file coords.pdb (PDB, C-alpha atoms)
MODEL        1
ATOM      1  CA  MET A  25      12.916 -17.223 -26.414  1.00  0.00           C
ATOM      2  CA  ARG A  26      15.342 -18.391 -29.061  1.00  0.00           C
ATOM      3  CA  VAL A  27      14.750 -21.907 -30.410  1.00  0.00           C
ATOM      4  CA  ILE A  28      17.999 -23.526 -31.535  1.00  0.00           C
ATOM      5  CA  GLY A  29      18.281 -26.844 -33.354  1.00  0.00           C
ATOM      6  CA  ILE A  30      21.480 -28.860 -32.830  1.00  0.00           C
ATOM      7  CA  THR A  31      22.451 -31.554 -35.319  1.00  0.00           C
ATOM      8  CA  GLY A  32      25.463 -33.402 -36.696  1.00  0.00           C
ATOM      9  CA  GLY A  33      26.749 -36.912 -37.167  1.00  0.00           C
ATOM     10  CA  ILE A  34      27.745 -39.433 -34.525  1.00  0.00           C
ATOM     11  CA  GLY A  35      30.915 -38.557 -32.590  1.00  0.00           C
ATOM     12  CA  THR A  36      30.904 -34.843 -33.467  1.00  0.00           C
ATOM     13  CA  GLY A  37      30.408 -33.906 -29.817  1.00  0.00           C
ATOM     14  CA  LYS A  38      26.811 -32.692 -29.762  1.00  0.00           C
ATOM     15  CA  SER A  39      26.610 -33.691 -26.048  1.00  0.00           C
ATOM     16  CA  THR A  40      29.496 -31.334 -25.259  1.00  0.00           C
ATOM     17  CA  VAL A  41      27.694 -28.438 -26.947  1.00  0.00           C
ATOM     18  CA  LEU A  42      24.450 -29.280 -25.107  1.00  0.00           C
ATOM     19  CA  ALA A  43      26.314 -29.409 -21.775  1.00  0.00           C
ATOM     20  CA  ILE A  44      27.828 -25.949 -22.405  1.00  0.00           C
ATOM     21  CA  LEU A  45      24.452 -24.493 -23.370  1.00  0.00           C
ATOM     22  CA  GLU A  46      22.779 -25.969 -20.295  1.00  0.00           C
ATOM     23  CA  LYS A  47      25.510 -25.053 -17.787  1.00  0.00           C
ATOM     24  CA  GLU A  48      26.554 -21.626 -19.081  1.00  0.00           C
ATOM     25  CA  TYR A  49      23.263 -20.331 -20.505  1.00  0.00           C
ATOM     26  CA  GLN A  50      20.599 -22.299 -18.565  1.00  0.00           C
ATOM     27  CA  ALA A  51      19.246 -23.501 -21.919  1.00  0.00           C
ATOM     28  CA  TYR A  52      16.348 -25.934 -21.798  1.00  0.00           C
ATOM     29  CA  ILE A  53      17.512 -29.059 -23.639  1.00  0.00           C
ATOM     30  CA  VAL A  54      15.319 -31.543 -25.493  1.00  0.00           C
ATOM     31  CA  GLU A  55      17.104 -34.610 -26.883  1.00  0.00           C
ATOM     32  CA  THR A  56      14.614 -36.133 -29.314  1.00  0.00           C
ATOM     33  CA  ASP A  57      15.904 -39.717 -28.811  1.00  0.00           C
ATOM     34  CA  LYS A  58      15.280 -39.527 -25.065  1.00  0.00           C
ATOM     35  CA  LEU A  59      11.927 -37.836 -25.621  1.00  0.00           C
ATOM     36  CA  ALA A  60      10.925 -40.587 -28.088  1.00  0.00           C
ATOM     37  CA  HIS A  61      11.666 -43.227 -25.413  1.00  0.00           C
ATOM     38  CA  LYS A  62       9.560 -41.288 -22.902  1.00  0.00           C
ATOM     39  CA  LEU A  63       6.633 -41.051 -25.355  1.00  0.00           C
ATOM     40  CA  MET A  64       6.732 -44.844 -25.788  1.00  0.00           C
ATOM     41  CA  SER A  65       5.916 -45.384 -22.096  1.00  0.00           C
ATOM     42  CA  PRO A  66       2.459 -46.609 -21.035  1.00  0.00           C
ATOM     43  CA  GLY A  67      -0.038 -43.759 -21.008  1.00  0.00           C
ATOM     44  CA  GLU A  68       2.065 -41.618 -23.338  1.00  0.00           C
ATOM     45  CA  ILE A  69       1.104 -40.451 -26.831  1.00  0.00           C
ATOM     46  CA  ALA A  70       2.936 -43.092 -28.956  1.00  0.00           C
ATOM     47  CA  TYR A  71       2.466 -46.144 -26.724  1.00  0.00           C
ATOM     48  CA  ASN A  72      -1.013 -47.362 -27.814  1.00  0.00           C
ATOM     49  CA  GLN A  73      -0.273 -46.867 -31.515  1.00  0.00           C
ATOM     50  CA  ILE A  74       2.949 -48.881 -31.274  1.00  0.00           C
ATOM     51  CA  VAL A  75       1.221 -51.743 -29.429  1.00  0.00           C
ATOM     52  CA  GLU A  76      -1.613 -51.650 -31.994  1.00  0.00           C
ATOM     53  CA  VAL A  77       0.822 -51.952 -34.917  1.00  0.00           C
ATOM     54  CA  PHE A  78       3.409 -54.331 -33.411  1.00  0.00           C
ATOM     55  CA  GLY A  79       1.237 -56.421 -31.075  1.00  0.00           C
ATOM     56  CA  THR A  80       1.450 -57.306 -27.393  1.00  0.00           C
ATOM     57  CA  ASP A  81       4.445 -59.626 -27.974  1.00  0.00           C
ATOM     58  CA  ILE A  82       6.703 -56.569 -27.683  1.00  0.00           C
ATOM     59  CA  LEU A  83       5.521 -55.889 -24.115  1.00  0.00           C
ATOM     60  CA  GLN A  84       7.325 -56.870 -20.948  1.00  0.00           C
ATOM     61  CA  GLU A  85       5.495 -58.173 -17.866  1.00  0.00           C
ATOM     62  CA  ASP A  86       5.014 -54.649 -16.520  1.00  0.00           C
ATOM     63  CA  LYS A  87       3.377 -53.662 -19.859  1.00  0.00           C
ATOM     64  CA  THR A  88       6.291 -51.442 -20.905  1.00  0.00           C
ATOM     65  CA  ILE A  89       7.622 -51.831 -24.437  1.00  0.00           C
ATOM     66  CA  ASP A  90      10.650 -54.112 -24.656  1.00  0.00           C
ATOM     67  CA  ARG A  91      12.854 -51.868 -26.791  1.00  0.00           C
ATOM     68  CA  GLY A  92      15.211 -54.759 -27.507  1.00  0.00           C
ATOM     69  CA  LYS A  93      12.371 -56.825 -28.991  1.00  0.00           C
ATOM     70  CA  LEU A  94      10.983 -53.852 -30.924  1.00  0.00           C
ATOM     71  CA  GLY A  95      14.459 -53.036 -32.208  1.00  0.00           C
ATOM     72  CA  GLY A  96      14.922 -56.634 -33.309  1.00  0.00           C
ATOM     73  CA  ILE A  97      11.762 -56.357 -35.413  1.00  0.00           C
ATOM     74  CA  VAL A  98      12.321 -52.950 -37.013  1.00  0.00           C
ATOM     75  CA  PHE A  99      16.016 -53.206 -37.765  1.00  0.00           C
ATOM     76  CA  GLN A 100      15.445 -56.322 -39.879  1.00  0.00           C
ATOM     77  CA  ASP A 101      12.532 -54.842 -41.802  1.00  0.00           C
ATOM     78  CA  GLU A 102      12.741 -51.416 -43.454  1.00  0.00           C
ATOM     79  CA  GLU A 103       8.955 -51.229 -43.833  1.00  0.00           C
ATOM     80  CA  LYS A 104       8.395 -51.865 -40.114  1.00  0.00           C
ATOM     81  CA  LEU A 105      11.054 -49.287 -39.225  1.00  0.00           C
ATOM     82  CA  GLN A 106       9.200 -46.737 -41.337  1.00  0.00           C
ATOM     83  CA  GLN A 107       5.933 -47.672 -39.599  1.00  0.00           C
ATOM     84  CA  LEU A 108       7.543 -47.057 -36.223  1.00  0.00           C
ATOM     85  CA  ASN A 109       9.061 -43.751 -37.375  1.00  0.00           C
ATOM     86  CA  LYS A 110       5.649 -42.611 -38.688  1.00  0.00           C
ATOM     87  CA  ILE A 111       4.269 -43.052 -35.171  1.00  0.00           C
ATOM     88  CA  VAL A 112       7.187 -41.756 -33.104  1.00  0.00           C
ATOM     89  CA  HIS A 113       8.496 -38.784 -35.123  1.00  0.00           C
ATOM     90  CA  PRO A 114       5.164 -36.919 -35.373  1.00  0.00           C
ATOM     91  CA  ALA A 115       4.490 -37.617 -31.665  1.00  0.00           C
ATOM     92  CA  VAL A 116       7.858 -36.112 -30.733  1.00  0.00           C
ATOM     93  CA  LYS A 117       7.299 -33.068 -32.912  1.00  0.00           C
ATOM     94  CA  GLN A 118       3.773 -32.547 -31.557  1.00  0.00           C
ATOM     95  CA  TYR A 119       5.095 -32.713 -27.982  1.00  0.00           C
ATOM     96  CA  ILE A 120       7.905 -30.219 -28.759  1.00  0.00           C
ATOM     97  CA  LEU A 121       5.563 -27.714 -30.450  1.00  0.00           C
ATOM     98  CA  LYS A 122       3.222 -27.789 -27.445  1.00  0.00           C
ATOM     99  CA  ASP A 123       6.186 -27.523 -25.061  1.00  0.00           C
ATOM    100  CA  ILE A 124       7.667 -24.520 -26.926  1.00  0.00           C
ATOM    101  CA  ASP A 125       4.297 -22.822 -26.820  1.00  0.00           C
ATOM    102  CA  GLU A 126       3.963 -23.389 -23.061  1.00  0.00           C
ATOM    103  CA  LYS A 127       7.537 -22.242 -22.335  1.00  0.00           C
ATOM    104  CA  ARG A 128       7.005 -19.090 -24.440  1.00  0.00           C
ATOM    105  CA  GLN A 129       3.910 -18.243 -22.423  1.00  0.00           C
ATOM    106  CA  GLU A 130       5.772 -18.792 -19.144  1.00  0.00           C
ATOM    107  CA  GLY A 131       8.422 -16.361 -20.410  1.00  0.00           C
ATOM    108  CA  GLN A 132      11.201 -17.762 -18.201  1.00  0.00           C
ATOM    109  CA  LEU A 133      13.580 -19.168 -20.829  1.00  0.00           C
ATOM    110  CA  ALA A 134      16.096 -17.477 -23.085  1.00  0.00           C
ATOM    111  CA  TYR A 135      17.065 -20.618 -25.035  1.00  0.00           C
ATOM    112  CA  TYR A 136      15.112 -23.732 -26.002  1.00  0.00           C
ATOM    113  CA  VAL A 137      17.448 -26.262 -27.629  1.00  0.00           C
ATOM    114  CA  ILE A 138      16.358 -29.281 -29.680  1.00  0.00           C
ATOM    115  CA  GLU A 139      18.942 -31.966 -30.464  1.00  0.00           C
ATOM    116  CA  ALA A 140      18.215 -34.528 -33.158  1.00  0.00           C
ATOM    117  CA  ALA A 141      20.252 -36.494 -35.672  1.00  0.00           C
ATOM    118  CA  LEU A 142      17.443 -36.090 -38.243  1.00  0.00           C
ATOM    119  CA  LEU A 143      16.594 -32.480 -37.411  1.00  0.00           C
ATOM    120  CA  ILE A 144      16.740 -31.391 -41.052  1.00  0.00           C
ATOM    121  CA  GLU A 145      15.058 -34.459 -42.531  1.00  0.00           C
ATOM    122  CA  ASP A 146      12.194 -34.226 -40.016  1.00  0.00           C
ATOM    123  CA  GLY A 147      11.439 -30.604 -40.914  1.00  0.00           C
ATOM    124  CA  TYR A 148      12.564 -28.894 -37.701  1.00  0.00           C
ATOM    125  CA  LYS A 149      13.851 -25.908 -39.691  1.00  0.00           C
ATOM    126  CA  ALA A 150      10.271 -24.617 -39.595  1.00  0.00           C
ATOM    127  CA  ILE A 151      10.259 -24.804 -35.763  1.00  0.00           C
ATOM    128  CA  CYS A 152      13.768 -23.506 -34.986  1.00  0.00           C
ATOM    129  CA  ASP A 153      15.016 -19.942 -35.254  1.00  0.00           C
ATOM    130  CA  GLU A 154      18.362 -21.355 -36.349  1.00  0.00           C
ATOM    131  CA  LEU A 155      20.040 -24.714 -36.952  1.00  0.00           C
ATOM    132  CA  TRP A 156      23.553 -25.392 -35.671  1.00  0.00           C
ATOM    133  CA  TYR A 157      25.706 -28.064 -37.313  1.00  0.00           C
ATOM    134  CA  ILE A 158      28.275 -29.525 -34.939  1.00  0.00           C
ATOM    135  CA  TYR A 159      31.319 -30.533 -36.954  1.00  0.00           C
ATOM    136  CA  ALA A 160      34.424 -32.622 -36.261  1.00  0.00           C
ATOM    137  CA  SER A 161      36.736 -34.408 -38.694  1.00  0.00           C
ATOM    138  CA  GLN A 162      35.994 -38.026 -39.515  1.00  0.00           C
ATOM    139  CA  GLN A 163      39.277 -39.149 -37.961  1.00  0.00           C
ATOM    140  CA  LEU A 164      38.514 -37.382 -34.672  1.00  0.00           C
ATOM    141  CA  ARG A 165      34.956 -38.749 -34.631  1.00  0.00           C
ATOM    142  CA  VAL A 166      36.230 -42.321 -35.039  1.00  0.00           C
ATOM    143  CA  GLU A 167      38.829 -41.774 -32.281  1.00  0.00           C
ATOM    144  CA  ARG A 168      36.145 -40.438 -29.915  1.00  0.00           C
ATOM    145  CA  LEU A 169      33.793 -43.328 -30.682  1.00  0.00           C
ATOM    146  CA  LEU A 170      36.495 -45.971 -30.195  1.00  0.00           C
ATOM    147  CA  GLN A 171      37.464 -44.367 -26.888  1.00  0.00           C
ATOM    148  CA  GLY A 172      33.920 -43.826 -25.629  1.00  0.00           C
ATOM    149  CA  ARG A 173      32.044 -46.816 -26.995  1.00  0.00           C
ATOM    150  CA  GLY A 174      34.616 -49.386 -28.045  1.00  0.00           C
ATOM    151  CA  GLY A 175      34.036 -51.422 -31.203  1.00  0.00           C
ATOM    152  CA  THR A 176      36.183 -51.249 -34.316  1.00  0.00           C
ATOM    153  CA  GLU A 177      37.242 -48.483 -36.668  1.00  0.00           C
ATOM    154  CA  GLU A 178      35.436 -50.265 -39.545  1.00  0.00           C
ATOM    155  CA  LYS A 179      32.191 -50.368 -37.565  1.00  0.00           C
ATOM    156  CA  TRP A 180      32.220 -46.619 -36.838  1.00  0.00           C
ATOM    157  CA  LEU A 181      33.271 -45.690 -40.372  1.00  0.00           C
ATOM    158  CA  GLN A 182      30.272 -47.675 -41.625  1.00  0.00           C
ATOM    159  CA  VAL A 183      27.933 -45.865 -39.205  1.00  0.00           C
ATOM    160  CA  ILE A 184      29.344 -42.485 -40.326  1.00  0.00           C
ATOM    161  CA  ARG A 185      28.937 -43.428 -44.019  1.00  0.00           C
ATOM    162  CA  ASN A 186      25.278 -44.324 -43.375  1.00  0.00           C
ATOM    163  CA  GLN A 187      24.545 -40.876 -41.942  1.00  0.00           C
ATOM    164  CA  SER A 188      23.974 -37.645 -43.850  1.00  0.00           C
ATOM    165  CA  SER A 189      27.054 -36.118 -45.457  1.00  0.00           C
ATOM    166  CA  GLU A 190      28.946 -33.081 -44.201  1.00  0.00           C
ATOM    167  CA  GLU A 191      27.815 -31.199 -47.341  1.00  0.00           C
ATOM    168  CA  PHE A 192      24.175 -31.934 -46.516  1.00  0.00           C
ATOM    169  CA  TYR A 193      24.524 -30.466 -43.009  1.00  0.00           C
ATOM    170  CA  ARG A 194      26.489 -27.437 -44.238  1.00  0.00           C
ATOM    171  CA  GLN A 195      23.876 -26.762 -46.916  1.00  0.00           C
ATOM    172  CA  HIS A 196      20.914 -26.775 -44.509  1.00  0.00           C
ATOM    173  CA  CYS A 197      22.296 -25.264 -41.296  1.00  0.00           C
ATOM    174  CA  ASP A 198      22.668 -21.596 -40.384  1.00  0.00           C
ATOM    175  CA  VAL A 199      25.690 -22.030 -38.110  1.00  0.00           C
ATOM    176  CA  ILE A 200      28.676 -24.394 -38.231  1.00  0.00           C
ATOM    177  CA  ILE A 201      30.537 -25.070 -34.977  1.00  0.00           C
ATOM    178  CA  ASP A 202      33.937 -26.709 -35.341  1.00  0.00           C
ATOM    179  CA  ASN A 203      34.022 -28.968 -32.296  1.00  0.00           C
ATOM    180  CA  GLY A 204      37.347 -30.525 -33.203  1.00  0.00           C
ATOM    181  CA  LYS A 205      39.587 -28.341 -31.094  1.00  0.00           C
ATOM    182  CA  SER A 206      39.256 -27.783 -27.334  1.00  0.00           C
ATOM    183  CA  VAL A 207      36.166 -27.461 -25.151  1.00  0.00           C
ATOM    184  CA  ASP A 208      37.343 -23.902 -24.376  1.00  0.00           C
ATOM    185  CA  LYS A 209      37.374 -23.058 -28.087  1.00  0.00           C
ATOM    186  CA  THR A 210      33.847 -24.486 -28.520  1.00  0.00           C
ATOM    187  CA  THR A 211      32.687 -22.526 -25.442  1.00  0.00           C
ATOM    188  CA  GLU A 212      34.105 -19.299 -26.976  1.00  0.00           C
ATOM    189  CA  THR A 213      32.336 -19.990 -30.282  1.00  0.00           C
ATOM    190  CA  ILE A 214      28.997 -20.528 -28.504  1.00  0.00           C
ATOM    191  CA  LYS A 215      29.469 -17.357 -26.447  1.00  0.00           C
ATOM    192  CA  ALA A 216      30.087 -15.357 -29.623  1.00  0.00           C
ATOM    193  CA  LEU A 217      26.931 -16.809 -31.197  1.00  0.00           C
ATOM    194  CA  LEU A 218      24.659 -16.144 -28.230  1.00  0.00           C
ATOM    195  CA  CYS A 219      25.978 -12.720 -27.306  1.00  0.00           C
ATOM    196  CA  LYS A 220      25.698 -11.170 -30.765  1.00  0.00           C
TER     197      LYS A 220
ENDMDL
END
call {"tool": "encode", "arguments": {"input": "coords.pdb", "output": "structure tokens"}}
result
Amino acid sequence: MRVIGITGGIGTGKSTVLAILEKEYQAYIVETDKLAHKLMSPGEIAYNQIVEVFGTDILQEDKTIDRGKLGGIVFQDEEKLQQLNKIVHPAVKQYILKDIDEKRQEGQLAYYVIEAALLIEDGYKAICDELWYIYASQQLRVERLLQGRGGTEEKWLQVIRNQSSEEFYRQHCDVIIDNGKSVDKTTETIKALLCK
């Protein structure tokens, strides 16, 4: 089983690459953002710690975490954001390591794919056989974001500037996929990578 890490900035088209891997190669996909949300549910690994640190005020009537309230707290306070990350990121990684182990033992999968914006920063290089950087020009990224999510050009440029630089990704990743052309071209590139 080949463990592949997928990373890149906002608007580079990581979802497109994941869709190709899932559809064409039956890859098992783990999106760390979605997994983090799952692990914040009652009974899951990060839930009790978050409630302990942030209090019961962040809970809704059904005892689930009100992500809007929690977001309101952490995005105004860098220290609180770091506290949350120190709970969630290790929980996600622990879950993934256990999951990889189980899937390896089952022996059914050819590809296990982990997608995360902070794949490099969170030390996933040690877990993955290879890291893929999904690239698209800044102009194309902004166009995609405006089309898909609305907002303003200034807003998206600011988001892009706050993320890791292209040089950083290129320096730390084993593979660079130019996702700025057509879906067919990206599909061809992936095929070449997986059939080598």
call {"tool": "atom_distance", "arguments": {"input": "coords.pdb", "atom1": "CA of Lys127 (chain A)", "atom2": "CA of Asp153 (chain A)"}}
result
15.1 Å
call {"tool": "residues_around", "arguments": {"input": "coords.pdb", "residues": "region 104-114 of chain A", "least_positions_apart": "4", "cutoff": "8 Å", "atoms": "only C-alpha atoms", "output": "list in words"}}
result
Ala60, Leu63, Met64, Ala70, Gln73, Ile74, Ile97, Val98, Phe99, Gln118 and Asp146 of chain A
call {"tool": "resolve_selection", "arguments": {"input": "coords.pdb", "expression": "the PyMOL selection byres ((chain A and resi 25) around 8)", "output": "count of residues only"}}
result
8
call {"tool": "closest_residue", "arguments": {"input": "coords.pdb", "among": "A:Gln195, A:Thr40, A:Thr88, A:Gln163", "to": "Val207 (chain A)", "atoms": "all atoms listed in the file"}}
result
A:Thr40
call {"tool": "resolve_selection", "arguments": {"input": "coords.pdb", "expression": "the PyMOL selection byres ((chain A and resi 196) around 10)", "output": "ChimeraX atom specification"}}
result
/A:144-145,149,155-157,191-195,197-199
call {"tool": "closest_residue", "arguments": {"input": "coords.pdb", "among": "A:Arg168, A:Lys47, A:Lys215, A:Lys93", "to": "Gly79 (chain A)", "atoms": "only C-alpha atoms"}}
result
A:Lys93
call {"tool": "atom_distance", "arguments": {"input": "coords.pdb", "atom1": "CA of Thr213 (chain A)", "atom2": "CA of Tyr159 (chain A)"}}
result
12.5 Å
call {"tool": "decode", "arguments": {"input": "coords.pdb", "residues": "region 137-149 of chain A", "atoms": "all heavy atoms", "output": "short mmCIF file (atom, residue, chain, number, x, y, z; two decimals), in the first residue's frame"}}
result
data_model
loop_
_atom_site.label_atom_id
_atom_site.label_comp_id
_atom_site.auth_asym_id
_atom_site.auth_seq_id
_atom_site.Cartn_x
_atom_site.Cartn_y
_atom_site.Cartn_z
N VAL A 137 -4.46 7.91 0.59
CA VAL A 137 -4.12 9.31 0.28
C VAL A 137 -4.56 10.23 1.42
O VAL A 137 -5.71 10.20 1.84
CB VAL A 137 -4.79 9.74 -1.05
CG1 VAL A 137 -4.50 11.21 -1.35
CG2 VAL A 137 -4.31 8.85 -2.20
N ILE A 138 -3.61 11.04 1.89
CA ILE A 138 -3.89 12.00 2.97
C ILE A 138 -3.80 13.40 2.39
O ILE A 138 -2.77 13.77 1.83
CB ILE A 138 -2.86 11.86 4.11
CG1 ILE A 138 -2.79 10.42 4.64
CG2 ILE A 138 -3.15 12.85 5.23
CD1 ILE A 138 -1.55 10.13 5.48
N GLU A 139 -4.88 14.17 2.53
CA GLU A 139 -4.87 15.56 2.05
C GLU A 139 -4.88 16.50 3.24
O GLU A 139 -5.71 16.37 4.14
CB GLU A 139 -6.09 15.81 1.16
CG GLU A 139 -6.13 17.21 0.55
CD GLU A 139 -6.72 18.27 1.47
OE1 GLU A 139 -7.68 17.98 2.19
OE2 GLU A 139 -6.20 19.41 1.47
N ALA A 140 -3.93 17.42 3.26
CA ALA A 140 -3.88 18.42 4.34
C ALA A 140 -3.13 19.65 3.86
O ALA A 140 -2.12 19.54 3.18
CB ALA A 140 -3.18 17.84 5.56
N ALA A 141 -3.64 20.81 4.26
CA ALA A 141 -2.96 22.06 3.91
C ALA A 141 -1.62 22.14 4.64
O ALA A 141 -0.63 22.64 4.10
CB ALA A 141 -3.83 23.25 4.28
N LEU A 142 -1.57 21.63 5.87
CA LEU A 142 -0.34 21.72 6.68
C LEU A 142 0.38 20.37 6.78
O LEU A 142 0.98 20.04 7.79
CB LEU A 142 -0.68 22.23 8.08
CG LEU A 142 -1.32 23.61 8.16
CD1 LEU A 142 -1.71 23.96 9.58
CD2 LEU A 142 -0.41 24.69 7.59
N LEU A 143 0.33 19.62 5.71
CA LEU A 143 0.93 18.29 5.66
C LEU A 143 2.42 18.32 6.04
O LEU A 143 2.89 17.50 6.83
CB LEU A 143 0.79 17.75 4.23
CG LEU A 143 0.84 16.26 4.02
CD1 LEU A 143 -0.41 15.60 4.56
CD2 LEU A 143 0.97 15.93 2.54
N ILE A 144 3.12 19.28 5.50
CA ILE A 144 4.57 19.39 5.74
C ILE A 144 4.83 19.86 7.16
O ILE A 144 5.58 19.23 7.92
CB ILE A 144 5.21 20.36 4.71
CG1 ILE A 144 4.98 19.83 3.29
CG2 ILE A 144 6.70 20.54 5.00
CD1 ILE A 144 5.09 20.90 2.21
N GLU A 145 4.14 20.94 7.54
CA GLU A 145 4.34 21.54 8.86
C GLU A 145 4.00 20.56 9.98
O GLU A 145 4.61 20.60 11.05
CB GLU A 145 3.49 22.81 9.02
CG GLU A 145 3.84 23.93 8.06
CD GLU A 145 3.13 23.86 6.71
OE1 GLU A 145 2.74 22.75 6.26
OE2 GLU A 145 3.00 24.91 6.08
N ASP A 146 3.02 19.70 9.75
CA ASP A 146 2.58 18.75 10.78
C ASP A 146 3.35 17.44 10.77
O ASP A 146 2.98 16.48 11.45
CB ASP A 146 1.07 18.48 10.64
CG ASP A 146 0.23 19.64 11.17
OD1 ASP A 146 0.79 20.51 11.86
OD2 ASP A 146 -0.98 19.67 10.89
N GLY A 147 4.41 17.37 9.97
CA GLY A 147 5.32 16.22 10.00
C GLY A 147 4.80 14.96 9.34
O GLY A 147 5.18 13.85 9.70
N TYR A 148 3.95 15.10 8.33
CA TYR A 148 3.41 13.92 7.65
C TYR A 148 4.41 13.27 6.69
O TYR A 148 4.18 12.18 6.19
CB TYR A 148 2.11 14.26 6.91
CG TYR A 148 0.91 14.25 7.83
CD1 TYR A 148 0.56 15.38 8.56
CD2 TYR A 148 0.15 13.10 8.01
CE1 TYR A 148 -0.52 15.37 9.43
CE2 TYR A 148 -0.94 13.08 8.88
CZ TYR A 148 -1.26 14.22 9.58
OH TYR A 148 -2.33 14.20 10.45
N LYS A 149 5.53 13.94 6.45
CA LYS A 149 6.56 13.36 5.57
C LYS A 149 7.03 12.02 6.14
O LYS A 149 7.36 11.09 5.40
CB LYS A 149 7.73 14.33 5.41
CG LYS A 149 8.59 14.01 4.20
CD LYS A 149 9.55 15.13 3.87
CE LYS A 149 10.39 14.78 2.67
NZ LYS A 149 9.90 15.31 1.42
#
